[in-house]
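All remarks here apply to the structure that follows.
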Amino acid sequence: MKYELDDIVVTKKGHVCGSDKWRVIRQGLSIKLECMGCKRVIMLDSYELDKRVKKIEKSNS
């Protein structure tokens, strides 16, 4: 899948804070995501994120 900056990614499984939406804040081989609920930042490999994503909501810009 192709991820753009500021896209909202909805995962199959929710984060411990209850949110299942993440914002892409860096892209490349590893993708940096920020939880929309608690603002925690994580990094995942792109192939690992591909397995976890349910859908991508494109950014407005």
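Residue numbers start at 1 in each chain; chains themselves are named A, B, ... in the order of the structure tokens; ligands are numbered from 1 in the order shown.
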Distance query segment 15-25 of chain A at most 7 Å, only C-alpha atoms, self and fewer than 3 positions along chain excluded, as a CSV table (one decimal) with all heavy atoms, in the first residue's frame:
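Generated output (selection23.csv):
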chain,number,residue,atom,x,y,z
A,5,LEU,N,2.0,11.4,3.7
A,5,LEU,CA,2.0,12.2,5.0
A,5,LEU,C,0.6,12.7,5.3
A,5,LEU,O,-0.1,13.1,4.5
A,5,LEU,CB,3.0,13.4,4.8
A,5,LEU,CG,4.5,13.0,4.8
A,5,LEU,CD1,5.3,14.3,4.6
A,5,LEU,CD2,4.9,12.3,6.1
A,6,ASP,N,0.3,12.7,6.6
A,6,ASP,CA,-0.9,13.1,7.2
A,6,ASP,C,-2.1,12.3,6.8
A,6,ASP,O,-3.3,12.7,7.1
A,6,ASP,CB,-1.2,14.6,6.9
A,6,ASP,CG,-0.2,15.5,7.6
A,6,ASP,OD1,0.2,15.2,8.7
A,6,ASP,OD2,0.2,16.6,7.0
A,7,ASP,N,-2.0,11.1,6.2
A,7,ASP,CA,-3.1,10.2,6.0
A,7,ASP,C,-3.5,9.6,7.3
A,7,ASP,O,-2.6,9.5,8.2
A,7,ASP,CB,-2.7,9.0,5.1
A,7,ASP,CG,-2.7,9.4,3.6
A,7,ASP,OD1,-3.1,10.5,3.3
A,7,ASP,OD2,-2.2,8.6,2.8
A,8,ILE,N,-4.7,9.3,7.5
A,8,ILE,CA,-5.2,8.6,8.7
A,8,ILE,C,-5.4,7.2,8.3
A,8,ILE,O,-6.1,6.8,7.4
A,8,ILE,CB,-6.6,9.2,9.1
A,8,ILE,CG1,-6.5,10.7,9.3
A,8,ILE,CG2,-7.1,8.5,10.4
A,8,ILE,CD1,-5.5,11.2,10.4
A,9,VAL,N,-4.7,6.3,9.1
A,9,VAL,CA,-4.8,4.9,8.9
A,9,VAL,C,-5.6,4.2,10.0
A,9,VAL,O,-5.4,4.5,11.1
A,9,VAL,CB,-3.3,4.3,8.9
A,9,VAL,CG1,-3.4,2.8,8.8
A,9,VAL,CG2,-2.5,4.9,7.8
A,10,VAL,N,-6.6,3.4,9.6
A,10,VAL,CA,-7.5,2.7,10.5
A,10,VAL,C,-7.0,1.3,10.6
A,10,VAL,O,-6.9,0.6,9.6
A,10,VAL,CB,-9.0,2.8,10.1
A,10,VAL,CG1,-9.8,2.1,11.1
A,10,VAL,CG2,-9.4,4.2,9.9
A,11,THR,N,-6.7,0.8,11.8
A,11,THR,CA,-6.1,-0.5,12.0
A,11,THR,C,-7.2,-1.5,12.4
A,11,THR,O,-8.3,-1.1,12.8
A,11,THR,CB,-5.0,-0.5,13.0
A,11,THR,OG1,-5.6,0.0,14.3
A,11,THR,CG2,-3.8,0.3,12.6
A,32,LYS,N,6.4,6.2,10.5
A,32,LYS,CA,6.2,6.7,11.9
A,32,LYS,C,4.7,7.1,12.0
A,32,LYS,O,4.2,7.8,11.1
A,32,LYS,CB,7.1,7.9,12.2
A,32,LYS,CG,7.1,8.3,13.6
A,32,LYS,CD,8.0,9.5,13.9
A,32,LYS,CE,9.3,8.9,14.4
A,32,LYS,NZ,10.2,10.0,14.9
A,33,LEU,N,4.0,6.6,13.0
A,33,LEU,CA,2.6,6.8,13.2
A,33,LEU,C,2.4,7.5,14.5
A,33,LEU,O,3.0,7.2,15.5
A,33,LEU,CB,1.8,5.5,13.2
A,33,LEU,CG,2.0,4.7,11.9
A,33,LEU,CD1,1.4,3.3,12.1
A,33,LEU,CD2,1.2,5.3,10.7
A,34,GLU,N,1.3,8.3,14.6
A,34,GLU,CA,0.9,9.0,15.8
A,34,GLU,C,-0.5,8.6,16.1
A,34,GLU,O,-1.4,8.8,15.2
A,34,GLU,CB,1.0,10.5,15.7
A,34,GLU,CG,0.6,11.3,16.9
A,34,GLU,CD,0.6,12.7,16.7
A,34,GLU,OE1,0.2,13.2,15.7
A,34,GLU,OE2,1.1,13.4,17.6
A,35,CYS,N,-0.8,8.1,17.3
A,35,CYS,CA,-2.1,7.7,17.7
A,35,CYS,C,-3.0,8.9,17.8
A,35,CYS,O,-2.6,9.9,18.4
A,35,CYS,CB,-2.1,7.0,19.0
A,35,CYS,SG,-3.7,6.5,19.6
A,36,MET,N,-4.2,8.9,17.2
A,36,MET,CA,-5.1,10.0,17.3
A,36,MET,C,-5.8,10.2,18.6
A,36,MET,O,-6.3,11.2,18.9
A,36,MET,CB,-6.2,9.9,16.2
A,36,MET,CG,-5.6,9.8,14.8
A,36,MET,SD,-4.8,11.3,14.3
A,36,MET,CE,-6.1,12.4,14.1
A,37,GLY,N,-5.7,9.2,19.5
A,37,GLY,CA,-6.3,9.2,20.8
A,37,GLY,C,-5.4,9.8,21.8
A,37,GLY,O,-5.7,10.8,22.5
A,38,CYS,N,-4.2,9.1,22.0
A,38,CYS,CA,-3.3,9.5,23.1
A,38,CYS,C,-2.0,10.2,22.7
A,38,CYS,O,-1.2,10.5,23.5
A,38,CYS,CB,-3.0,8.3,23.9
A,38,CYS,SG,-2.0,7.0,23.1
Shell around Leu44 of chain A at 8 Å using only C-alpha atoms, local window under 2 positions removed, as a list in words: Ser30, Ile31, Lys32, Leu33, Ile42, Ser46, Glu48 and Leu49 of chain A
Put those residues in a file: N, CA, C and O atoms, as a short mmCIF file (atom, residue, chain, number, x, y, z; two decimals), in the first residue's frame.
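The new file result.cif reads:
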data_model
loop_
_atom_site.label_atom_id
_atom_site.label_comp_id
_atom_site.auth_asym_id
_atom_site.auth_seq_id
_atom_site.Cartn_x
_atom_site.Cartn_y
_atom_site.Cartn_z
N SER A 30 10.58 2.51 7.06
CA SER A 30 9.79 2.45 8.29
C SER A 30 8.84 3.63 8.29
O SER A 30 9.17 4.71 7.81
N ILE A 31 7.65 3.42 8.81
CA ILE A 31 6.63 4.46 8.83
C ILE A 31 6.37 4.86 10.27
O ILE A 31 6.16 4.01 11.13
N LYS A 32 6.41 6.16 10.54
CA LYS A 32 6.17 6.67 11.89
C LYS A 32 4.71 7.08 11.97
O LYS A 32 4.21 7.81 11.12
N LEU A 33 4.03 6.58 13.01
CA LEU A 33 2.60 6.83 13.20
C LEU A 33 2.35 7.48 14.54
O LEU A 33 3.04 7.18 15.51
N ILE A 42 4.75 5.68 17.28
CA ILE A 42 5.40 4.39 17.07
C ILE A 42 5.98 4.35 15.66
O ILE A 42 5.61 5.16 14.81
N SER A 46 6.96 -0.98 6.76
CA SER A 46 5.81 -0.83 5.87
C SER A 46 5.09 -2.16 5.64
O SER A 46 3.86 -2.20 5.59
N GLU A 48 4.85 -4.61 7.78
CA GLU A 48 4.14 -4.92 9.02
C GLU A 48 2.85 -4.09 9.11
O GLU A 48 1.80 -4.59 9.51
N LEU A 49 2.91 -2.83 8.72
CA LEU A 49 1.72 -1.98 8.72
C LEU A 49 0.70 -2.47 7.71
O LEU A 49 -0.50 -2.42 7.97
#
Strand (DSSP E or B) call set, DSSP backbone run, chain A, as an MDAnalysis selection string: chainID A and resid 8:11 21:26 30:35 41:45 53:57
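Shortest separation to Val41 of chain A among A:Asn60, A:Met1, A:Arg26, A:Val53 occurs at residue A:Arg26, atoms counted being only C-alpha atoms.
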Separation of atom CA of Arg40 of chain A from atom CA of Lys2 of chain A in Å: 22.3 Å
Using DSSP on the backbone coordinates, identify all residues within chain A classified as alpha helix (DSSP H); present the result as a PDB file with all heavy atoms, in the first residue's frame.
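File selection_9.pdb, as written:
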ATOM      1  N   SER A  46       6.963  -0.980   6.762  1.00  0.00           N
ATOM      2  CA  SER A  46       5.810  -0.826   5.874  1.00  0.00           C
ATOM      3  C   SER A  46       5.089  -2.155   5.643  1.00  0.00           C
ATOM      4  O   SER A  46       3.865  -2.195   5.593  1.00  0.00           O
ATOM      5  CB  SER A  46       6.239  -0.220   4.543  1.00  0.00           C
ATOM      6  OG  SER A  46       7.237  -1.005   3.936  1.00  0.00           O
ATOM      7  N   TYR A  47       5.825  -3.256   5.547  1.00  0.00           N
ATOM      8  CA  TYR A  47       5.157  -4.550   5.342  1.00  0.00           C
ATOM      9  C   TYR A  47       4.386  -4.983   6.589  1.00  0.00           C
ATOM     10  O   TYR A  47       3.359  -5.657   6.488  1.00  0.00           O
ATOM     11  CB  TYR A  47       6.150  -5.626   4.906  1.00  0.00           C
ATOM     12  CG  TYR A  47       7.224  -5.954   5.917  1.00  0.00           C
ATOM     13  CD1 TYR A  47       6.998  -6.891   6.916  1.00  0.00           C
ATOM     14  CD2 TYR A  47       8.467  -5.344   5.872  1.00  0.00           C
ATOM     15  CE1 TYR A  47       7.972  -7.197   7.838  1.00  0.00           C
ATOM     16  CE2 TYR A  47       9.450  -5.644   6.790  1.00  0.00           C
ATOM     17  CZ  TYR A  47       9.186  -6.574   7.776  1.00  0.00           C
ATOM     18  OH  TYR A  47      10.158  -6.883   8.706  1.00  0.00           O
ATOM     19  N   GLU A  48       4.854  -4.607   7.778  1.00  0.00           N
ATOM     20  CA  GLU A  48       4.136  -4.918   9.017  1.00  0.00           C
ATOM     21  C   GLU A  48       2.847  -4.085   9.106  1.00  0.00           C
ATOM     22  O   GLU A  48       1.798  -4.588   9.512  1.00  0.00           O
ATOM     23  CB  GLU A  48       5.026  -4.645  10.221  1.00  0.00           C
ATOM     24  CG  GLU A  48       4.439  -5.053  11.540  1.00  0.00           C
ATOM     25  CD  GLU A  48       4.273  -6.551  11.709  1.00  0.00           C
ATOM     26  OE1 GLU A  48       5.078  -7.315  11.162  1.00  0.00           O
ATOM     27  OE2 GLU A  48       3.314  -6.941  12.396  1.00  0.00           O
ATOM     28  N   LEU A  49       2.909  -2.831   8.716  1.00  0.00           N
ATOM     29  CA  LEU A  49       1.724  -1.977   8.722  1.00  0.00           C
ATOM     30  C   LEU A  49       0.701  -2.470   7.706  1.00  0.00           C
ATOM     31  O   LEU A  49      -0.501  -2.422   7.971  1.00  0.00           O
ATOM     32  CB  LEU A  49       2.108  -0.522   8.445  1.00  0.00           C
ATOM     33  CG  LEU A  49       0.981   0.494   8.476  1.00  0.00           C
ATOM     34  CD1 LEU A  49       0.269   0.501   9.832  1.00  0.00           C
ATOM     35  CD2 LEU A  49       1.490   1.873   8.140  1.00  0.00           C
ATOM     36  N   ASP A  50       1.159  -2.959   6.548  1.00  0.00           N
ATOM     37  CA  ASP A  50       0.251  -3.490   5.530  1.00  0.00           C
ATOM     38  C   ASP A  50      -0.628  -4.605   6.092  1.00  0.00           C
ATOM     39  O   ASP A  50      -1.792  -4.721   5.728  1.00  0.00           O
ATOM     40  CB  ASP A  50       1.021  -4.017   4.326  1.00  0.00           C
ATOM     41  CG  ASP A  50       1.635  -2.906   3.498  1.00  0.00           C
ATOM     42  OD1 ASP A  50       1.214  -1.747   3.644  1.00  0.00           O
ATOM     43  OD2 ASP A  50       2.538  -3.209   2.697  1.00  0.00           O
ATOM     44  N   LYS A  51      -0.083  -5.420   6.985  1.00  0.00           N
ATOM     45  CA  LYS A  51      -0.844  -6.519   7.578  1.00  0.00           C
ATOM     46  C   LYS A  51      -1.879  -6.014   8.580  1.00  0.00           C
ATOM     47  O   LYS A  51      -2.907  -6.645   8.772  1.00  0.00           O
ATOM     48  CB  LYS A  51       0.083  -7.505   8.286  1.00  0.00           C
ATOM     49  CG  LYS A  51       0.977  -8.275   7.337  1.00  0.00           C
ATOM     50  CD  LYS A  51       1.688  -9.393   8.050  1.00  0.00           C
ATOM     51  CE  LYS A  51       2.975  -8.904   8.646  1.00  0.00           C
ATOM     52  NZ  LYS A  51       3.776  -9.959   9.276  1.00  0.00           N
ATOM     53  N   ARG A  52      -1.619  -4.877   9.223  1.00  0.00           N
ATOM     54  CA  ARG A  52      -2.478  -4.375  10.304  1.00  0.00           C
ATOM     55  C   ARG A  52      -3.550  -3.398   9.859  1.00  0.00           C
ATOM     56  O   ARG A  52      -4.491  -3.146  10.591  1.00  0.00           O
ATOM     57  CB  ARG A  52      -1.618  -3.687  11.366  1.00  0.00           C
ATOM     58  CG  ARG A  52      -0.662  -4.609  12.051  1.00  0.00           C
ATOM     59  CD  ARG A  52       0.113  -3.870  13.088  1.00  0.00           C
ATOM     60  NE  ARG A  52       1.107  -4.734  13.720  1.00  0.00           N
ATOM     61  CZ  ARG A  52       1.705  -4.448  14.839  1.00  0.00           C
ATOM     62  NH1 ARG A  52       1.433  -3.321  15.466  1.00  0.00           N
ATOM     63  NH2 ARG A  52       2.595  -5.276  15.349  1.00  0.00           N
TER      64      ARG A  52
END
